[in-house]
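Asks: Below you will find the structure I want to go over with you.
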There are 2 protein chains.
Amino acid sequence: MNYKLAGGFIALCLLLLTNAFAQTSPVEDGYRLWLKYDLIGDVAKRQAYARSAQFIASSGTDPILKTATRELQLGLQGLLGKAIPVLTSAGNRTGGIVLTVTTGTDSQSLAPEGYRISANNRTITISGKTSAGVLYGAFALLRQLQTQQPLEAISLTSSPKVQFRMLNHWDNVDGSVERGYAGMSLWKWYELPERVDPRYRDYARANASLGINGTVVNNVNASARFMTAEYLQKVAALADVFRPYGIKVYLSVYFAAPKTLGGLKTSDPLDPQVRKWWADKVKEIYQTIPDFGGLLVKANSEGEPGPQDYGRTHADGANMLAEAMKPYDGVIIWRAFVYKAADTSDRPTADRFKAAHEEFTPLDGQFDKKVIVQVKNGPIDFQPREPFSPLFGNMPKTPLGIEFQITQEYLGFATHMVYEAPLFKECLEADTYVNGKGSTVASIVDGSLHRYSKTLMAGVANAGSARNWTGHPMAQANWYAFGRLAWDHTLSSEAIAREWIAMTLTQDRQATSRIANLMMKSRDIYVDYNTPIGLSRPWSGVHFAPEPWQNRSSRPDWTAVYYHRADSLGLGFDRTASGSNALAQYRPDVRRQWEDPKTCPLPYLLWFHHVPWTQKLSSGKTLWTELCTRFYTGADSVRWMQQEWALVKPAVDPAIHADVSARLATQHKEAIWWRDAWVLYLQTFAKEPIPAPFKKPDRNLEEVQQLVNIYLLR
Amino acid sequence: MNYKLAGGFIALCLLLLTNAFAQTSPVEDGYRLWLKYDLIGDVAKRQAYARSAQFIASSGTDPILKTATRELQLGLQGLLGKAIPVLTSAGNRTGGIVLTVTTGTDSQSLAPEGYRISANNRTITISGKTSAGVLYGAFALLRQLQTQQPLEAISLTSSPKVQFRMLNHWDNVDGSVERGYAGMSLWKWYELPERVDPRYRDYARANASLGINGTVVNNVNASARFMTAEYLQKVAALADVFRPYGIKVYLSVYFAAPKTLGGLKTSDPLDPQVRKWWADKVKEIYQTIPDFGGLLVKANSEGEPGPQDYGRTHADGANMLAEAMKPYDGVIIWRAFVYKAADTSDRPTADRFKAAHEEFTPLDGQFDKKVIVQVKNGPIDFQPREPFSPLFGNMPKTPLGIEFQITQEYLGFATHMVYEAPLFKECLEADTYVNGKGSTVASIVDGSLHRYSKTLMAGVANAGSARNWTGHPMAQANWYAFGRLAWDHTLSSEAIAREWIAMTLTQDRQATSRIANLMMKSRDIYVDYNTPIGLSRPWSGVHFAPEPWQNRSSRPDWTAVYYHRADSLGLGFDRTASGSNALAQYRPDVRRQWEDPKTCPLPYLLWFHHVPWTQKLSSGKTLWTELCTRFYTGADSVRWMQQEWALVKPAVDPAIHADVSARLATQHKEAIWWRDAWVLYLQTFAKEPIPAPFKKPDRNLEEVQQLVNIYLLR
C-alpha cells in the first residue's frame, strides 16, 4: 500500500467521522439498534471467530436464504473487520459457515421456522426446514458473536414457541401514531408506492433478527383507505421490502367498509352482498399481495363499527371474514378488547373488568378455524400492573393470541425508563389453574394446553420515525424483549436484558450488571410511584399527567374515580362476591388467592378489594402508610436510578449516556409529580398525615392540579 | 506514522463508513443541509484557500463571536482537510482570517448585523458592528469556499435589507405540525427542558448561516400552554441553544389566555385586569428568557379568539400587548390574515380577497410603535400564484412585514418539486405604484418606501423531524432561498439556486445548469397542471387532492366553487367593478393592468375576470383550449423534469438522486391526476371536447372523484 495514499485516506476518514453535520451530531445515534456489528475489540476472540468464519457457503435463489447470507456476511464483516467470501458450496473446504435448507433427519424435530446451528469437522452449519429458519439461525449465530460466546463447539437448536409473532402498529394515514412517542409513523403513505424509504428495510432487518414474522401496519382504529386499490398498492410496496426478511404484512380493517367504500346499504356480516364485497376485496388483496398475512379487527369497541350494529355476534363478523379468506393462507385476528357492557351503569355489578369475558366466552367454539382472538394481557387496558385476563383458559376451543403493549402509553411515554420484559413475563407465567397447577398463560398462548391450531403473540409497536426508532434509547430493549419472548417465552427477563445490553450499550462486565439491575427493577419502581398496590388508570385524557381526581367523562369507565373508588372509608375496587364479582371469572384456585384481602398479594390488593385506610396489610403497615411508602420510595428510587446510571458513564457511548441521563431527570421530576398528586388527593379521603420519615409535598393539591391542567389545554 | 497502524485504522474507517446500519443507510442522508463542508476535491484550489486560512484570530468571550470562530474553524477543517488553529490575536502573522467586532470607520456604513470581508496584506478580515454581523460574515466566507470563489482579493460588504428575518413554525404541543410534510415538530416538549436534543443546535446553525435571526416556535393557532411557567421553562431551554447563534425566540399567543389561564371573566383588551395579566405575563417571560423576541398573534381569524370578541379592534388588541411589552425590547407581530367579512354572503360584493384590506387599512396609524402587522404575500392564502396583497402600500404608517409559506401546503406537499424563490420574488418585485412606478412590494417590506421603523420577513417553516429536515430533498432549497431573500431580496432566484446546488448537490458545471434550469421552471410547471391562468384553491380538505367540484362547507369561502365560479358561460371570479370590485383596493396603475380582460396578464386572468369558455385570449387560443393546453403541458413537463433529473445522475449522490427520482414519479402521477380532475370537471360546464393534440383522460370524472374521495376518508 502506498504510504502517502494511506495518509490522505486517513485524513478523509477523520473528516467523515468528525464532520457528520459537525460536532453536534454523534456517530452513535441509536439508529443501528442491536445490530451494531462494531469490530470486536478483543483481538484473540476476534481471531478465534475469524478462524470459524473464513467463508459462507450458500446456494440457491430463495430470497430469504439470500437475505440470511447477506446478513451474515454483513454482520461478520463488521464484527471481524474483514470481508467474508460467499461460496455457492463449501466443497471440501472447512473453517466456514454453511447455510442449508433441509428436511433431513437433522431438522426433523424443528418447527418450520426453527433452526439448528452445529459445529462439525471445523464447519459450522446453520440448517432449517425453511429458509426463514436459516435466516433466524444466521441472526442467532451473529448474536453469539455479539455477546462473545464461543463458537468452536456450538450446538444450538431453537424453534419458535408461537407461530404468529407480530407487531401491531397503531399508525394512521396522516402519519400520526396513536399512543406513539417516537416520532411519526414509519410508513410514508404520501410517498408510497413510488418512493420506498430505505428505513423500511432496516425495520425488517431488526424484526427478522428477533424472529418477528408479521406486522400490522395500520391502526386498529382503522381507516377504510387501506381497503382501496390505491392504498393496497402502497402496502404492496412495503410487502415487497419485508418479504425477503420472512415478514408478512397484515392490515387492520374498518368493519363498515362495505358501506363506506362499497356503497352498500349495510355492513351486516350476514348480508349476502356484504359477504360478496368482502370476498371480492380479499381476492383483490391477494392479487396485489400474494403472501398477505391477514386481517386484524377491532369491532364494536370504543365507537368502532362491528357486527353488533346489526344484532350479530363477534363470531358472525369474524366468520364472515374467514369465509372471504378461505381460498387463501391468511388469518382473521379478532380483538377481544371490548367493554360495551361496562357502561350500562344501572347494573349494580357492572364492571369493565368483566366485559371481554362476558362477551366472548359464550362464543367459544363458534369461531371459524381461520380465526384467532387477540386478547390484551390484562382485563382493562395495558396498566403498569394488571392481573391476567380471565379470558385465558376460558376459551379452550378458540385460539387465543396475546396482545402486549410495547409502546409506553401508560408507562411514562418516552421519558420513563421501564423495562417491560418482567411485565410480559409476569403475565405469561401467571397460573390460570385451568388444568390444575402449571396451566400458565404462556401454556395457553403457545397452544400447548388447549392444543390450539394457531398461536399468536402481538406487541403494539414502539417504533417510529425517531432517529433511534423508540425515542427513549432504553425503550429499544422493549422491542427487543418482546421479539425474543414471542420466539421463546421461557427466556428470562434478565438474560434478555444482558443480551441486549451487550449488543447495544456496552460489553463492560460491571456496567452490564449495573444496567441489567436497573432495568430489572425499573418496572416495579414505576409501579410504586404510579399505581402501587393494585391501583389503576389514574390518567388524564392524554395518558400523560396524573389525574386521579378525574370524575367526569362521557362514560363512567372513562373516569379515574371509577377505578380507584376512593372514599372516606377506604380505597380500591371491590371485585369479590360482595362487589362486582369479577373474581368469579377466574378458576377457584386463582380466586382463592385473591378473594381474601388478608392473603391477596399486595400488588393486586386494590384491584379486588375496597380496603379501609387504617387496615393493617400483610406488610405490617396500614393501607395509608403502605401507599405513602410506595409513592415516596418509588420517587426516591428514580434518584437511585440516576445515580446508578451515572456510574456506568465510562462504559457507554457519551451521546447515548447523556440522552438517558436527561430523560432520567425528567422521570424523576415526574415521579415526584405523580407521588404528590396521589398522596395529596388520597389524603382528602384518608384524612391522615404523611407518615414519618416522609416529608409532605412542597406543593398543595391545587398547585398539582393546576400543573396537570396545563397538559389538558389544547 | 506507523504503517501498520495506518492500515488498521483504514480498515476501521471503512467499517464505519460502510456499516452505518449496513448498506441500506447511505452516508449522505441530507441531514447536513447546505453545510456539508466536504473536502474540496480540486487540490490546487484547496491549497490556494489553505494559504489564506492558516489560522483564525479571534478574541473575547462574546458567545456569538465564539460561535463565529467555531463555525469557521469547523467549516474550514472540512473543506481544507486540516485543523485550523485559533489564535487570540494575529500579532504580526499574515495568511490568516481575523474576526473583529468594530465600530470603526470600516464598519460605519454597515447595518448592525451587516458584515465586511476584506483582504489586505495577506490577511482576510471579517468585521461587523456586532458579533452577529461577524457570524454572518463567517458563514459568507465559508460560502465563498463552498461555491469555489477566489479569496485572494475578496471584498464583500453586505447588510440585511430586513431587520426581523424569521421562521414561523406552525407546531403544536402534541408534536404535530399544521401543514407540515417533513415529520413531526423539531421541538420535543415532553422532553424539554431536561433533554435538549442535539438537533436544536443544528437547526440554529442552518438558520444562522442564512442570517435568520428569529423563530416563532409554536403554531399561530396557539396553545395557551406556552404562556405557563411550565412551558416557558421549556422554551427557555431552546432560547439557550439559539442565543449563541444570534437567534431570538418568539411565541404565538392565544388571545383568550387571560380567561383560560388567568381565570379572568374576560380577555377584553381594554379591561384593566386583562391588561395587568398580560403585563405580568410578559414580565414573567422576560424573567425566564431575558432576550425574548416577542409575540405573534392570530386573532379573530378562522375561529381564533381576538379583540373583536369584545367589540374592540385589532389595534386595541395589539396595542394592549405592546403596552405590556413596553419595558422590554420585544415586538408584537399581529397577523392580517383575516376574512371574517367574507362570510357575510348577503353582501353582493362580499369577497374574501378584500377582507384584510377592509379590516386593516382603517386602522393605519392606530398601532403602537412596537407593533408590526404581518401580511401574507397574497390576499387569499399562499396559492401557487396570487397577485400581491392590496395591503402593501396602503398602510404607510404601520410597519407591514411579509409572510411567505415555505412549507408546501398548496404546492404538492413533499412529493412535488417546486422551487419557491421565483414565487417569493414575483411578489417582492411586484409594483404597487403607491409612490409611482418602482414602488415594489420589496420597497415597502424593507421599509425604504414608507420609512418603516421596523421591517420583517417571515417564512412558515418547512423543517421538521425528517432526517433530511424537509422531506423532499429539493425542498431544502426553499428554506435556503427564503433565508437568503430575507437577508437580501435583490438576489436573483437563479443565483440562489446555483449557490444552493453547489453547496448541497453537486459542483459539476453541466449538472448545475441542468438542475438550476429544472428548479427555475418548476413553479410554473406546477401552476400549469394545478391552477393555471389565475385559478385558485381547488383543494380538498387536507389540501392534497384535487377537488374543484367541492361545493359544500360550513362557509362559502371554504368551498372550491367559491373561487373558480365555473358555470355554463365561463370561468373565473369577477373582481372588477361589475363584480366584487376587489380591484379597487389597488392603485389605478395596477388596476388598469388587470381590469381589462384583454390586457390582464394571463397568469392573473381568472383571479379578476369571469371569462367565457370560447373567449379568445391574448395567447390566440380560446379559454378552454388555453386551459387544456396548460393542464396537459404542465403534466407533460413533469415527464421532462424526470428526464432532466435522470441526466444528472452521475453528478449527484446516489441516495439523494434516487430519492428525488422517486418523488418525481409520484409528482408525475399526481400531475396527471390534477389535469384529469380539472379538465373533466370543467368540461361539464364548457361542453367542449379536449382539443388536439391532447388525448382525453383514460378515466372519467367519477373515477377521478372516487380516487379523491379515498383521501377524504378518516
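Order determines the names: the first chain of the C-alpha cells is A, the second B, and so forth; residues in each chain are numbered 1 upward, and ligands are numbered 1 upward as they are shown.
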For region 215-230 of chain A, work out the shell of residues within 6 Å, counting only C-alpha atoms and skipping chain neighbours fewer than 6 positions away, then give it as number ranges by chain.
Replies: A: 166-172, 249-254, 257, 298; B: 710, 714
Asks: What residues in region 237-466 of chain B get the DSSP label strand (DSSP E or B)? Please answer as a ChimeraX atom specification.
Replies: /B:248-253,294-297,331-335,371-376,400-405,431,434,436,440,456-460
Asks: Write down as a PyMOL selection string the residues belonging to region 60-235 of chain B that are assigned helix (DSSP H, G or I) by DSSP computed on the backbone.
Replies: chain B and resi 63-80+105-107+131-146+198-208+224-227+229-235
Asks: For Phe573 (chain B), please output as an MDAnalysis selection string all residues within 7 Å (counting only C-alpha atoms; exclusion window: fewer than 5 positions along the same chain).
Replies: chainID B and resid 563:565 606:610
Asks: For Tyr203 (chain A), please output as a VMD selection string all residues within 9 Å (counting only C-alpha atoms; exclusion window: fewer than 6 positions along the same chain).
Replies: chain A and resid 186 242 463
Asks: So, with only C-alpha atoms as the atoms that count, which of B:Gly137, B:Pro63, B:Gly471, B:Pro691 lies closest to chain A?
Replies: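 Ranking B:Gly137, B:Pro63, B:Gly471, B:Pro691 by distance to chain A, first place goes to B:Gly471.
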Asks: Give the answer as one residue: which of A:Pro399, A:Gly393, A:Pro193, A:Pro244 has the shortest atom-to-atom distance to Thr440 (chain A), using only C-alpha atoms?
Replies: A:Gly393
Asks: Could I get the residues of region 501-584 of chain B with an atom no further than 12 Å from an atom of region 479-492 of chain B, each paired with its nearest atom pair and that distance in Å to one decimal, using only C-alpha atoms, sorted by chain and residue number, as a tab-separated table?
Replies:
```
residue	atom	partner	partner_atom	distance
B:Ile501	CA	B:Tyr480	CA	10.6
B:Met503	CA	B:Tyr480	CA	10.8
B:Thr504	CA	B:Tyr480	CA	10.6
B:Ala516	CA	B:Ser492	CA	12.0
B:Met519	CA	B:Ala481	CA	11.7
B:Met520	CA	B:Ser492	CA	10.7
```
Asks: Identify which of the residues A:Gln706, A:Thr61, A:Ser109, A:Gln476 lies closest to chain B, counting only C-alpha atoms when measuring atom-to-atom distances.
Replies: A:Gln706
Asks: Need the shell around region 418-423 of chain B: protein/DNA/RNA residues with any atom at most 6 Å away, counting only C-alpha atoms. Skip same-chain ones fewer than 3 positions apart. Format as JSON, numbers by chain?
Replies: {"B": [426, 478, 481, 493, 519, 522, 523]}
Asks: Please dump the current selection as an mmCIF file, in the first residue's frame; keep N, CA, C and O atoms.
Replies:
```
data_model
loop_
_atom_site.group_PDB
_atom_site.id
_atom_site.type_symbol
_atom_site.label_atom_id
_atom_site.label_comp_id
_atom_site.auth_asym_id
_atom_site.auth_seq_id
_atom_site.Cartn_x
_atom_site.Cartn_y
_atom_site.Cartn_z
ATOM 1 N N GLU B 426 -41.514 37.088 -7.332
ATOM 2 C CA GLU B 426 -42.615 37.644 -8.117
ATOM 3 C C GLU B 426 -43.417 38.635 -7.279
ATOM 4 O O GLU B 426 -43.811 39.699 -7.754
ATOM 5 N N ASN B 478 -35.810 25.643 -0.612
ATOM 6 C CA ASN B 478 -36.802 26.673 -0.306
ATOM 7 C C ASN B 478 -36.518 27.342 1.034
ATOM 8 O O ASN B 478 -36.679 28.552 1.182
ATOM 9 N N ALA B 481 -33.539 29.488 0.172
ATOM 10 C CA ALA B 481 -33.885 30.672 -0.620
ATOM 11 C C ALA B 481 -34.635 31.692 0.220
ATOM 12 O O ALA B 481 -34.400 32.901 0.111
ATOM 13 N N SER B 493 -33.240 34.609 -8.183
ATOM 14 C CA SER B 493 -33.646 33.234 -7.884
ATOM 15 C C SER B 493 -32.625 32.241 -8.404
ATOM 16 O O SER B 493 -32.292 31.263 -7.752
ATOM 17 N N MET B 519 -35.128 23.715 -11.537
ATOM 18 C CA MET B 519 -35.681 24.431 -10.382
ATOM 19 C C MET B 519 -36.395 25.704 -10.836
ATOM 20 O O MET B 519 -37.513 25.985 -10.409
ATOM 21 N N SER B 522 -39.714 24.940 -12.304
ATOM 22 C CA SER B 522 -40.591 24.019 -11.555
ATOM 23 C C SER B 522 -41.880 24.674 -11.073
ATOM 24 O O SER B 522 -42.938 24.051 -11.096
ATOM 25 N N ARG B 523 -41.814 25.893 -10.654
ATOM 26 C CA ARG B 523 -43.026 26.515 -10.115
ATOM 27 C C ARG B 523 -44.050 26.791 -11.223
ATOM 28 O O ARG B 523 -45.248 26.560 -11.029
#
```
Asks: Distance CA of Phe382 (chain A)-CA of Ser661 (chain A), one decimal place?
Replies: 26.4 Å
